[in-house]
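Single-structure report; data block below.
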Protein chains: 2
Amino acid sequence: MNATAPKGRGRPKVRPQALAGQAPAAREKPADKEQRIYAAIVDRVMEQRLKPGTRLPEAALCELFGVGRTLVQKVLQRLAHDHIVELRPNRSAIVAMPSREDVGKLFEARRALEAAVLPLVAAHASRADYASLRRQLRKEQNAMHRYAQSEWAGLASAFHLRLGELSRNPMLHRYLAEIISRCCLVVALFQPPGNATCEHDEHGRVVDCLEAGDVAGAQRENDRHLRDLEAHLQLVEEDTDLSLADMLGLPGRS
Amino acid sequence: MNATAPKGRGRPKVRPQALAGQAPAAREKPADKEQRIYAAIVDRVMEQRLKPGTRLPEAALCELFGVGRTLVQKVLQRLAHDHIVELRPNRSAIVAMPSREDVGKLFEARRALEAAVLPLVAAHASRADYASLRRQLRKEQNAMHRYAQSEWAGLASAFHLRLGELSRNPMLHRYLAEIISRCCLVVALFQPPGNATCEHDEHGRVVDCLEAGDVAGAQRENDRHLRDLEAHLQLVEEDTDLSLADMLGLPGRS
DNA sequence: AAACCTTTAATTGTCGACAAAAAATCCCCG
DNA sequence: CGGGGATTTTTTGTCGACAATTAAAGGTTT
């Protein structure tokens, strides 16, 4: 028996993957431990380093973050509530894998919610808010032109997230944040690397309309933008059903 | 020392209140235990038997439902995420007490969300759906005319909830459900008993517009209905701050 | 060689235990 | 008689322990 080909019985051991970036050096407030773990996982999902379908065993997370299972379970519970992870009974939690139907409903909800948010933004936003929005927009374009995709993906999401924040409504902001993080998941799932949607400053046009007081126009532009985004997804899914159907439909010659 | 006036030291014992209706007779699926507890508490809040500010100690819930603290904590976590209960560090969880500002934001979010949902309802609803909606409406009116307030409150909420369901969008449905349950909380908090808002079939008019294909009209009617509802709240709050201010402002003569 | 059964380890579900924090009471002192 | 601490009790925060479930590999039979 050698190490490369374990011949022992039972289930093969899975090696805990590198996930946590920073180790907890000094003692921290006990209340924020949970938030730290939650944020760490969400960030990894948003920047697409944690791909959909990745298993998240509790024990591994415990070691990585240096906490007990109770904390990890609480975090997983919250992540599951936000549909970031999928929680199956008596099975490992996995990063959520939305189905094709889910994606349709997800974007439908996003369009509806952002359309509902825009009037509030127009009503509440001050000149300084628009200025900071423009600043963020420039950073975004900068990243896009540098082909820094992973960074750009985060910034593009941040724009929409900021819109939710500018609505000055905590609940709508939270809902939008949840939907956007799910959309990042979908992009990671359906968009092979390198295929970035080259957007021609669609965000900028939304801000233009907003600042000019044209709410309906902003809604129209944003709706079109989101539909573009959805349409550019490569709707192919490496499903087990598909391969099984192939194997059954064609009598294998090997 | 007698039982009516405990003179022992330390914190006085709190008696667990009657909360759980049915005892778990036979063994049930372990997966649904959590759902049962969650639903039980939400129901009590919706029917306003659990009033805002009521303390919910974990140990009491454990005894009442016959489960360990882990389960209870999971449920409380979920309830807190939905803003049904408020979870303060190292303190008992209490049924949420939204502030006056929260109420404004809450109704703002509700108006925005329902307005966003209505077009989807009009797009997806079949004739049978409208029929069942009408049936529900009649039950609601019946309860109103019988002055069965607690029942009516539940049915009135159920109407809006059903609208979310008819949008055929699980996310928007869930968000609306969360907002509506919070609104029930608010009504329980700001509306003294017996003061029911006598609505003149405002729900019916929404359905009329919807069935006639007049989405904008439905949105207008619903928006007005919700503003009415908010306006009828008695914006008085028996706050500890208020009574304290009273005591400090007026030199007591007793 | 394919299907079935057995074995084994991984993994979650749930619980009680212990420590820490907070609140209410009592005691002491002015 | 009132105020400030010490004390006790309650209550939550967190953890490891044990049982139950699931998945995977090995072995066996046809």
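Residues in the structure tokens are named by chain (A, B, ... in the order shown) and by number from 1 within that chain; ligands are numbered from 1 in the order shown.
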
May I have the residues within 12 Å of C:DA21 as a PyMOL selection string, using only C-alpha atoms (C1' of nucleotides) and disregarding those fewer than 5 positions away in the same chain?
-> (chain A and resi 30) or (chain B and resi 89-92) or (chain D and resi 10-13)

Print the selection's residues with C-alpha atoms (C1' of nucleotides) to a file, as a PDB file, in the first residue's frame.
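Contents of selection12.pdb, freshly written:
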ATOM      1  CA  PRO A  30     -17.078  36.655  20.447  1.00  0.00           C
TER       2      PRO A  30
ATOM      3  CA  PRO B  89     -26.475  39.214  22.695  1.00  0.00           C
ATOM      4  CA  ASN B  90     -26.570  37.468  26.030  1.00  0.00           C
ATOM      5  CA  ARG B  91     -30.204  38.406  26.532  1.00  0.00           C
ATOM      6  CA  SER B  92     -33.475  36.653  26.036  1.00  0.00           C
TER       7      SER B  92
ATOM      8  C1'  DT D  10     -31.037  33.057  35.219  1.00  0.00           C
ATOM      9  C1'  DT D  11     -29.816  32.952  30.582  1.00  0.00           C
ATOM     10  C1'  DT D  12     -27.172  32.659  26.596  1.00  0.00           C
ATOM     11  C1'  DG D  13     -22.539  31.283  23.961  1.00  0.00           C
TER      12       DG D  13
END

Up to 6 Å from chain B, what residues of chain A turn up? Count only C-alpha atoms and give them as a compact mmCIF listing (two decimals) with all heavy atoms, in the first residue's frame.
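Generated output (result.txt):
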# COMPACT_ATOMS: atom_id res chain seq x y z
N LYS A 105 -36.31 32.50 -12.84
CA LYS A 105 -37.05 33.14 -11.76
C LYS A 105 -36.18 34.16 -11.04
O LYS A 105 -36.64 35.22 -10.61
CB LYS A 105 -37.54 32.09 -10.77
CG LYS A 105 -38.58 31.15 -11.35
CD LYS A 105 -39.83 31.90 -11.76
CE LYS A 105 -40.88 30.95 -12.32
NZ LYS A 105 -42.06 31.70 -12.83
N ALA A 112 -37.66 42.82 -11.33
CA ALA A 112 -38.80 43.43 -10.63
C ALA A 112 -38.31 44.25 -9.44
O ALA A 112 -38.77 45.38 -9.21
CB ALA A 112 -39.76 42.34 -10.16
N ALA A 116 -38.34 48.32 -8.80
CA ALA A 116 -39.05 48.89 -7.65
C ALA A 116 -38.15 49.78 -6.82
O ALA A 116 -38.62 50.69 -6.14
CB ALA A 116 -39.63 47.77 -6.79
N ASN A 169 -33.65 51.98 2.04
CA ASN A 169 -34.63 51.07 2.62
C ASN A 169 -33.91 49.77 2.99
O ASN A 169 -33.54 49.00 2.10
CB ASN A 169 -35.77 50.82 1.65
CG ASN A 169 -36.91 50.10 2.32
OD1 ASN A 169 -36.71 49.04 2.89
ND2 ASN A 169 -38.10 50.68 2.26

Using the chain letters and numbers from this document, which residues of stretch 69-118 of chain B does DSSP assign to strand (DSSP E), as a list in words?
-> Val85, Glu86, Ala93, Ile94 and Val95 of chain B

Could you turn the residues from that selection into a file that holds C-alpha atoms, as a CSV table (one decimal), in the first residue's frame?
chain,number,residue,atom,x,y,z
B,85,VAL,CA,-38.0,38.0,16.9
B,86,GLU,CA,-35.2,40.3,18.0
B,93,ALA,CA,-34.9,36.8,22.6
B,94,ILE,CA,-38.1,38.9,22.4
B,95,VAL,CA,-40.8,39.2,19.8

Can you check which residues of chain D have any atom within 10 Å of chain A? Use only C-alpha atoms (C1' of nucleotides) and format it as a list in words.
->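 The answer, sorted by residue number, is DG13, DT14, DC15, DG16, DA20, DT21, DT22, DA23, DA24, DA25 and DG26 of chain D.
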
Output as a PyMOL selection string the set of chain C residues within 9 Å of chain A, with distances taken over only C-alpha atoms (C1' of nucleotides).
-> chain C and resi 7-13

Please write the residues from the selection above to a file, keeping N, CA and C atoms (P, O5', C5', C4', C3', O3' and C1' of nucleotides), as an mmCIF file, in the first residue's frame.
data_model
loop_
_atom_site.group_PDB
_atom_site.id
_atom_site.type_symbol
_atom_site.label_atom_id
_atom_site.label_comp_id
_atom_site.auth_asym_id
_atom_site.auth_seq_id
_atom_site.Cartn_x
_atom_site.Cartn_y
_atom_site.Cartn_z
ATOM 1 P P DT C 7 -19.925 -7.654 7.600
ATOM 2 O "O5'" DT C 7 -18.806 -6.528 7.479
ATOM 3 C "C5'" DT C 7 -17.671 -6.771 6.644
ATOM 4 C "C4'" DT C 7 -16.953 -5.460 6.331
ATOM 5 C "C3'" DT C 7 -16.660 -4.580 7.547
ATOM 6 O "O3'" DT C 7 -15.280 -4.289 7.569
ATOM 7 C "C1'" DT C 7 -17.631 -3.306 5.815
ATOM 8 P P DT C 8 -14.608 -3.717 8.924
ATOM 9 O "O5'" DT C 8 -14.429 -2.185 8.554
ATOM 10 C "C5'" DT C 8 -13.829 -1.825 7.309
ATOM 11 C "C4'" DT C 8 -14.000 -0.339 7.053
ATOM 12 C "C3'" DT C 8 -13.893 0.550 8.290
ATOM 13 O "O3'" DT C 8 -12.924 1.533 8.062
ATOM 14 C "C1'" DT C 8 -15.794 1.130 7.030
ATOM 15 P P DA C 9 -12.249 2.327 9.283
ATOM 16 O "O5'" DA C 9 -12.441 3.831 8.788
ATOM 17 C "C5'" DA C 9 -12.150 4.155 7.435
ATOM 18 C "C4'" DA C 9 -13.067 5.274 6.976
ATOM 19 C "C3'" DA C 9 -13.027 6.511 7.874
ATOM 20 O "O3'" DA C 9 -12.678 7.630 7.087
ATOM 21 C "C1'" DA C 9 -15.266 5.868 7.411
ATOM 22 P P DA C 10 -12.279 9.026 7.747
ATOM 23 O "O5'" DA C 10 -13.413 9.986 7.189
ATOM 24 C "C5'" DA C 10 -13.741 9.905 5.812
ATOM 25 C "C4'" DA C 10 -15.147 10.417 5.595
ATOM 26 C "C3'" DA C 10 -15.411 11.821 6.136
ATOM 27 O "O3'" DA C 10 -16.020 12.589 5.136
ATOM 28 C "C1'" DA C 10 -17.070 10.332 6.899
ATOM 29 P P DT C 11 -16.008 14.161 5.219
ATOM 30 O "O5'" DT C 11 -17.391 14.485 5.900
ATOM 31 C "C5'" DT C 11 -18.606 14.139 5.229
ATOM 32 C "C4'" DT C 11 -19.768 14.201 6.178
ATOM 33 C "C3'" DT C 11 -19.792 15.410 7.119
ATOM 34 O "O3'" DT C 11 -20.660 16.400 6.574
ATOM 35 C "C1'" DT C 11 -20.610 13.407 8.140
ATOM 36 P P DT C 12 -20.936 17.718 7.431
ATOM 37 O "O5'" DT C 12 -22.389 17.452 8.033
ATOM 38 C "C5'" DT C 12 -23.427 17.028 7.163
ATOM 39 C "C4'" DT C 12 -24.529 16.333 7.950
ATOM 40 C "C3'" DT C 12 -25.315 17.258 8.890
ATOM 41 O "O3'" DT C 12 -26.704 17.056 8.713
ATOM 42 C "C1'" DT C 12 -24.531 15.379 10.064
ATOM 43 P P DG C 13 -27.745 17.946 9.512
ATOM 44 O "O5'" DG C 13 -28.122 17.043 10.771
ATOM 45 C "C5'" DG C 13 -29.076 15.998 10.604
ATOM 46 C "C4'" DG C 13 -29.618 15.557 11.956
ATOM 47 C "C3'" DG C 13 -30.202 16.684 12.807
ATOM 48 O "O3'" DG C 13 -31.378 16.213 13.465
ATOM 49 C "C1'" DG C 13 -28.402 15.660 13.973
#

Using only C-alpha atoms, pick whichever of A:Val121, A:Asn142, A:Ile37, A:Asp201 has the shortest atom-to-atom distance to A:Leu161.
->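 Of A:Val121, A:Asn142, A:Ile37, A:Asp201, the one nearest A:Leu161, counting only C-alpha atoms, is A:Val121.
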
Counting only C-alpha atoms (C1' of nucleotides), what is within 12 Å of A:Arg138, bar same-chain residues fewer than 4 positions away, as a tab-separated table (two decimals) with C-alpha atoms, in the first residue's frame?
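The resulting result.tsv:
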chain	number	residue	atom	x	y	z
A	131	ALA	CA	-20.81	61.67	-7.33
A	132	SER	CA	-19.73	58.59	-5.38
A	133	LEU	CA	-21.70	56.44	-7.78
A	134	ARG	CA	-19.79	57.96	-10.69
A	142	ASN	CA	-10.90	50.78	-15.34
A	143	ALA	CA	-10.95	47.18	-14.19
A	144	MET	CA	-12.84	46.15	-17.30
A	145	HIS	CA	-10.28	47.68	-19.64
A	152	TRP	CA	-14.56	43.52	-12.48
A	155	LEU	CA	-17.32	45.82	-8.98
A	156	ALA	CA	-20.14	45.33	-11.44
A	159	PHE	CA	-22.84	48.97	-8.55
A	201	ASP	CA	-21.35	51.59	-20.09
A	203	HIS	CA	-24.53	51.30	-15.84
A	204	GLY	CA	-23.56	54.83	-16.78

Neighbours of A:Val206 within 12 Å (only C-alpha atoms (C1' of nucleotides); same-chain residues fewer than 4 positions away dropped), as a PyMOL selection string?
-> chain A and resi 114-115+118+121-122+130+133-134+137+159-160+163+200-202+210-226
